[in-house]
Amino acid sequence: MQYKDYYKILGVEKTATKEEIKKKFRQLAKQYHPDLHPGDEEAEKKFKEINEAYEVLSDDKKRTTYDNFGSNYNFQGGQNFDPNSYGFSHFTSGGAGDFSDFFNLIFGGNFKGGDFGGGADSSTGFGGFSDLFGGRRRAQRKEPYESNLDVTIEELQNGTTKKLTLNINGVNHNIDVKVPRGMTPNKRIKVRGSKWGIDRDILFSINVKGNNEKLEGLDIIRELEVYPWEAYFGGEQVVEVGDDKIKLKLPKNIESGKKIRIKSKGFKDMKGNKGDLFFKVKIKNPSSLNEEQEKMYRSLYDSFNK
């Protein structure tokens, strides 16, 4: 188990006043609030750590308990330790849903015993942690359901609301999933299950669908089909870029797989970062030829096979 340095998490000194702690908490909570970072699991994790730290340091009794725990065992922030080596022989992880195992060890959760060296007569002046706060427990949060959400690059770029029907335990549930503007596929979307009559939350992983384009980081890679003579002689093709149509210049003797770049016309994420747009050349043959064209093709074929 890892020792949590709540002072370090909030960025305050151990001598900080309650007002200083409250001010720092509000600043960090606003910075990492999930509403400002939808689908960002790292921000959500940080937000939970901040809340846990404030839960302890804003309460005089909890803060004293926490400080005594650290000073008695001389722990350092981030240090790993085995609870069984410090008298917590009945502790098991995974108890209270919102807070960490470290919190539960000190303030209740699954903790069933143990103290700082032998009960209420010890130098700390109190016995087991679960007794100190009346053994308060928090409800176990169920693991969320997981599913995939198919979206296009355009839907990710502009944001959208997807209407879905999920079958959970044999029951169909109609839900709406809001896809934020500029969301990237490495993030996930959480939907509150209680809003739709579902007993758990749902986590959606993003699956980008597209017939002739894909997303690589913030770069959009779009397939561009050209005929053999266009690839050989070069020229121009009219292509769509956003809401505009532009003339794309094809270099002479371009080969299949080569890319033509349009700078800063790729995907724009939630922070305003923007990638490039690439057209990846794919040489295709005509599906049919008239008599004259076929003679020309035959003549070219023969000239290369003499």
# chains A, B, ... in the order shown; residues from 1 in each chain; ligands from 1
>>> residues_around(residues="A:Gln31", least_positions_apart="6", cutoff="10 Å", atoms="only C-alpha atoms", output="PyMOL selection string")
chain A and resi 25+37+43+46-47
>>> write_last_selection(atoms="all heavy atoms", output="PDB file, in the first residue's frame")
ATOM      1  N   PHE A  25      -7.631  23.957  -1.993  1.00  0.00           N
ATOM      2  CA  PHE A  25      -8.553  22.923  -2.464  1.00  0.00           C
ATOM      3  C   PHE A  25      -9.472  23.462  -3.555  1.00  0.00           C
ATOM      4  O   PHE A  25      -9.670  22.823  -4.591  1.00  0.00           O
ATOM      5  CB  PHE A  25      -9.386  22.397  -1.295  1.00  0.00           C
ATOM      6  CG  PHE A  25     -10.586  21.592  -1.730  1.00  0.00           C
ATOM      7  CD1 PHE A  25     -10.434  20.318  -2.260  1.00  0.00           C
ATOM      8  CD2 PHE A  25     -11.865  22.122  -1.647  1.00  0.00           C
ATOM      9  CE1 PHE A  25     -11.531  19.578  -2.679  1.00  0.00           C
ATOM     10  CE2 PHE A  25     -12.972  21.395  -2.062  1.00  0.00           C
ATOM     11  CZ  PHE A  25     -12.797  20.126  -2.572  1.00  0.00           C
ATOM     12  N   HIS A  37     -12.978  18.345 -17.948  1.00  0.00           N
ATOM     13  CA  HIS A  37     -12.132  17.347 -18.608  1.00  0.00           C
ATOM     14  C   HIS A  37     -12.929  16.078 -18.881  1.00  0.00           C
ATOM     15  O   HIS A  37     -12.573  15.003 -18.372  1.00  0.00           O
ATOM     16  CB  HIS A  37     -10.913  17.025 -17.740  1.00  0.00           C
ATOM     17  CG  HIS A  37     -10.094  18.206 -17.350  1.00  0.00           C
ATOM     18  ND1 HIS A  37      -9.105  18.732 -18.152  1.00  0.00           N
ATOM     19  CD2 HIS A  37     -10.137  18.992 -16.232  1.00  0.00           C
ATOM     20  CE1 HIS A  37      -8.557  19.766 -17.549  1.00  0.00           C
ATOM     21  NE2 HIS A  37      -9.166  19.953 -16.383  1.00  0.00           N
ATOM     22  N   ALA A  43      -7.399  13.239 -15.100  1.00  0.00           N
ATOM     23  CA  ALA A  43      -7.978  14.380 -14.381  1.00  0.00           C
ATOM     24  C   ALA A  43      -8.961  13.900 -13.324  1.00  0.00           C
ATOM     25  O   ALA A  43      -9.021  14.443 -12.218  1.00  0.00           O
ATOM     26  CB  ALA A  43      -8.658  15.333 -15.369  1.00  0.00           C
ATOM     27  N   LYS A  46      -7.000  12.595 -10.392  1.00  0.00           N
ATOM     28  CA  LYS A  46      -6.444  13.709  -9.638  1.00  0.00           C
ATOM     29  C   LYS A  46      -7.528  14.392  -8.804  1.00  0.00           C
ATOM     30  O   LYS A  46      -7.300  14.750  -7.641  1.00  0.00           O
ATOM     31  CB  LYS A  46      -5.813  14.719 -10.607  1.00  0.00           C
ATOM     32  CG  LYS A  46      -5.139  15.899  -9.937  1.00  0.00           C
ATOM     33  CD  LYS A  46      -3.886  15.490  -9.197  1.00  0.00           C
ATOM     34  CE  LYS A  46      -3.145  16.704  -8.651  1.00  0.00           C
ATOM     35  NZ  LYS A  46      -1.950  16.339  -7.881  1.00  0.00           N
ATOM     36  N   PHE A  47      -8.720  14.556  -9.371  1.00  0.00           N
ATOM     37  CA  PHE A  47      -9.831  15.187  -8.665  1.00  0.00           C
ATOM     38  C   PHE A  47     -10.209  14.381  -7.425  1.00  0.00           C
ATOM     39  O   PHE A  47     -10.473  14.940  -6.351  1.00  0.00           O
ATOM     40  CB  PHE A  47     -11.031  15.313  -9.609  1.00  0.00           C
ATOM     41  CG  PHE A  47     -12.196  16.064  -9.036  1.00  0.00           C
ATOM     42  CD1 PHE A  47     -12.144  17.442  -8.883  1.00  0.00           C
ATOM     43  CD2 PHE A  47     -13.352  15.395  -8.655  1.00  0.00           C
ATOM     44  CE1 PHE A  47     -13.217  18.143  -8.355  1.00  0.00           C
ATOM     45  CE2 PHE A  47     -14.427  16.077  -8.126  1.00  0.00           C
ATOM     46  CZ  PHE A  47     -14.362  17.463  -7.973  1.00  0.00           C
TER      47      PHE A  47
END
>>> select_by_dssp(residues="stretch 116-290 of chain A", states="strand (DSSP E)", output="count of residues only")
75
>>> atom_distance(atom1="atom CA of A:Glu155", atom2="atom CA of A:Pro34")
21.1 Å
>>> residues_around(residues="A:Thr160", least_positions_apart="2", cutoff="10 Å", atoms="only C-alpha atoms", output="PyMOL selection string")
chain A and resi 151+154-158+162-163+177-181
>>> residues_around(residues="A:Glu223", least_positions_apart="5", cutoff="10 Å", atoms="only C-alpha atoms", output="PyMOL selection string")
chain A and resi 211-214+257+259+278-282
>>> write_last_selection(atoms="C-alpha atoms", output="tab-separated table (two decimals), in the first residue's frame")
chain	number	residue	atom	x	y	z
A	211	ASN	CA	-14.42	4.43	-44.91
A	212	ASN	CA	-11.59	6.47	-46.37
A	213	GLU	CA	-9.99	8.32	-43.45
A	214	LYS	CA	-8.47	7.64	-40.05
A	257	GLY	CA	1.19	5.23	-50.26
A	259	LYS	CA	1.17	11.46	-48.59
A	278	PHE	CA	-2.72	14.19	-45.10
A	279	PHE	CA	-4.01	12.82	-48.38
A	280	LYS	CA	-2.63	9.31	-48.90
A	281	VAL	CA	-2.41	8.39	-52.55
A	282	LYS	CA	-4.01	5.19	-53.81
>>> residues_around(residues="stretch 19-21 of chain A", least_positions_apart="6", cutoff="8 Å", atoms="only C-alpha atoms", output="PyMOL selection string")
chain A and resi 10+12+54+57-58
>>> write_last_selection(atoms="all heavy atoms", output="compact mmCIF listing (two decimals), in the first residue's frame")
# COMPACT_ATOMS: atom_id res chain seq x y z
N LEU A 10 -2.31 18.51 -1.98
CA LEU A 10 -2.95 19.83 -2.04
C LEU A 10 -1.94 20.96 -2.26
O LEU A 10 -2.33 22.10 -2.53
CB LEU A 10 -3.73 20.10 -0.75
CG LEU A 10 -5.02 19.32 -0.57
CD1 LEU A 10 -5.73 19.77 0.71
CD2 LEU A 10 -5.96 19.49 -1.76
N VAL A 12 0.29 22.22 0.03
CA VAL A 12 0.37 23.12 1.18
C VAL A 12 1.39 22.58 2.17
O VAL A 12 1.76 21.41 2.14
CB VAL A 12 -1.01 23.26 1.88
CG1 VAL A 12 -2.01 23.90 0.95
CG2 VAL A 12 -1.52 21.91 2.38
N TYR A 54 -8.58 16.76 1.00
CA TYR A 54 -9.33 17.82 1.68
C TYR A 54 -10.25 17.24 2.75
O TYR A 54 -10.46 17.85 3.81
CB TYR A 54 -10.15 18.62 0.66
CG TYR A 54 -10.86 19.81 1.27
CD1 TYR A 54 -10.13 20.90 1.76
CD2 TYR A 54 -12.25 19.84 1.38
CE1 TYR A 54 -10.77 22.00 2.32
CE2 TYR A 54 -12.89 20.93 1.94
CZ TYR A 54 -12.15 22.00 2.42
OH TYR A 54 -12.79 23.07 2.99
N LEU A 57 -7.71 16.83 5.69
CA LEU A 57 -7.03 18.00 6.23
C LEU A 57 -7.99 19.11 6.66
O LEU A 57 -7.61 20.00 7.43
CB LEU A 57 -6.03 18.55 5.21
CG LEU A 57 -4.91 17.59 4.79
CD1 LEU A 57 -3.92 18.27 3.87
CD2 LEU A 57 -4.19 17.02 6.01
N SER A 58 -9.22 19.08 6.18
CA SER A 58 -10.19 20.11 6.57
C SER A 58 -10.89 19.76 7.88
O SER A 58 -11.59 20.60 8.46
CB SER A 58 -11.23 20.30 5.47
OG SER A 58 -11.99 19.11 5.29
>>> residues_around(residues="stretch 191-196 of chain A", least_positions_apart="2", cutoff="12 Å", atoms="only C-alpha atoms", output="VMD selection string")
chain A and resid 38 to 39 142 to 147 149 162 164 to 166 168 171 to 179 188 to 189 198 to 205
>>> residues_around(residues="A:Lys45", least_positions_apart="5", cutoff="10 Å", atoms="only C-alpha atoms", output="PyMOL selection string")
chain A and resi 32+34+40+50
>>> write_last_selection(atoms="N, CA and C atoms", output="mmCIF file, in the first residue's frame")
data_model
loop_
_atom_site.group_PDB
_atom_site.id
_atom_site.type_symbol
_atom_site.label_atom_id
_atom_site.label_comp_id
_atom_site.auth_asym_id
_atom_site.auth_seq_id
_atom_site.Cartn_x
_atom_site.Cartn_y
_atom_site.Cartn_z
ATOM 1 N N TYR A 32 -9.192 20.678 -11.905
ATOM 2 C CA TYR A 32 -9.298 19.288 -12.326
ATOM 3 C C TYR A 32 -10.727 18.758 -12.325
ATOM 4 N N PRO A 34 -14.097 17.203 -13.275
ATOM 5 C CA PRO A 34 -14.427 16.338 -14.427
ATOM 6 C C PRO A 34 -15.251 17.029 -15.508
ATOM 7 N N ASP A 40 -11.432 12.374 -19.394
ATOM 8 C CA ASP A 40 -10.016 12.359 -19.037
ATOM 9 C C ASP A 40 -9.847 11.609 -17.715
ATOM 10 N N ILE A 50 -7.590 14.906 -4.710
ATOM 11 C CA ILE A 50 -7.745 16.225 -4.087
ATOM 12 C C ILE A 50 -8.883 16.199 -3.071
#
>>> atom_distance(atom1="atom CA of A:Gln237", atom2="atom CA of A:Gln293")
21.7 Å
>>> closest_residue(among="A:Tyr227, A:Phe267, A:Tyr301, A:Tyr232", to="A:Asn285", atoms="only C-alpha atoms")
A:Tyr227
>>> atom_distance(atom1="atom CA of A:Lys249", atom2="atom CA of A:Glu236")
4.5 Å
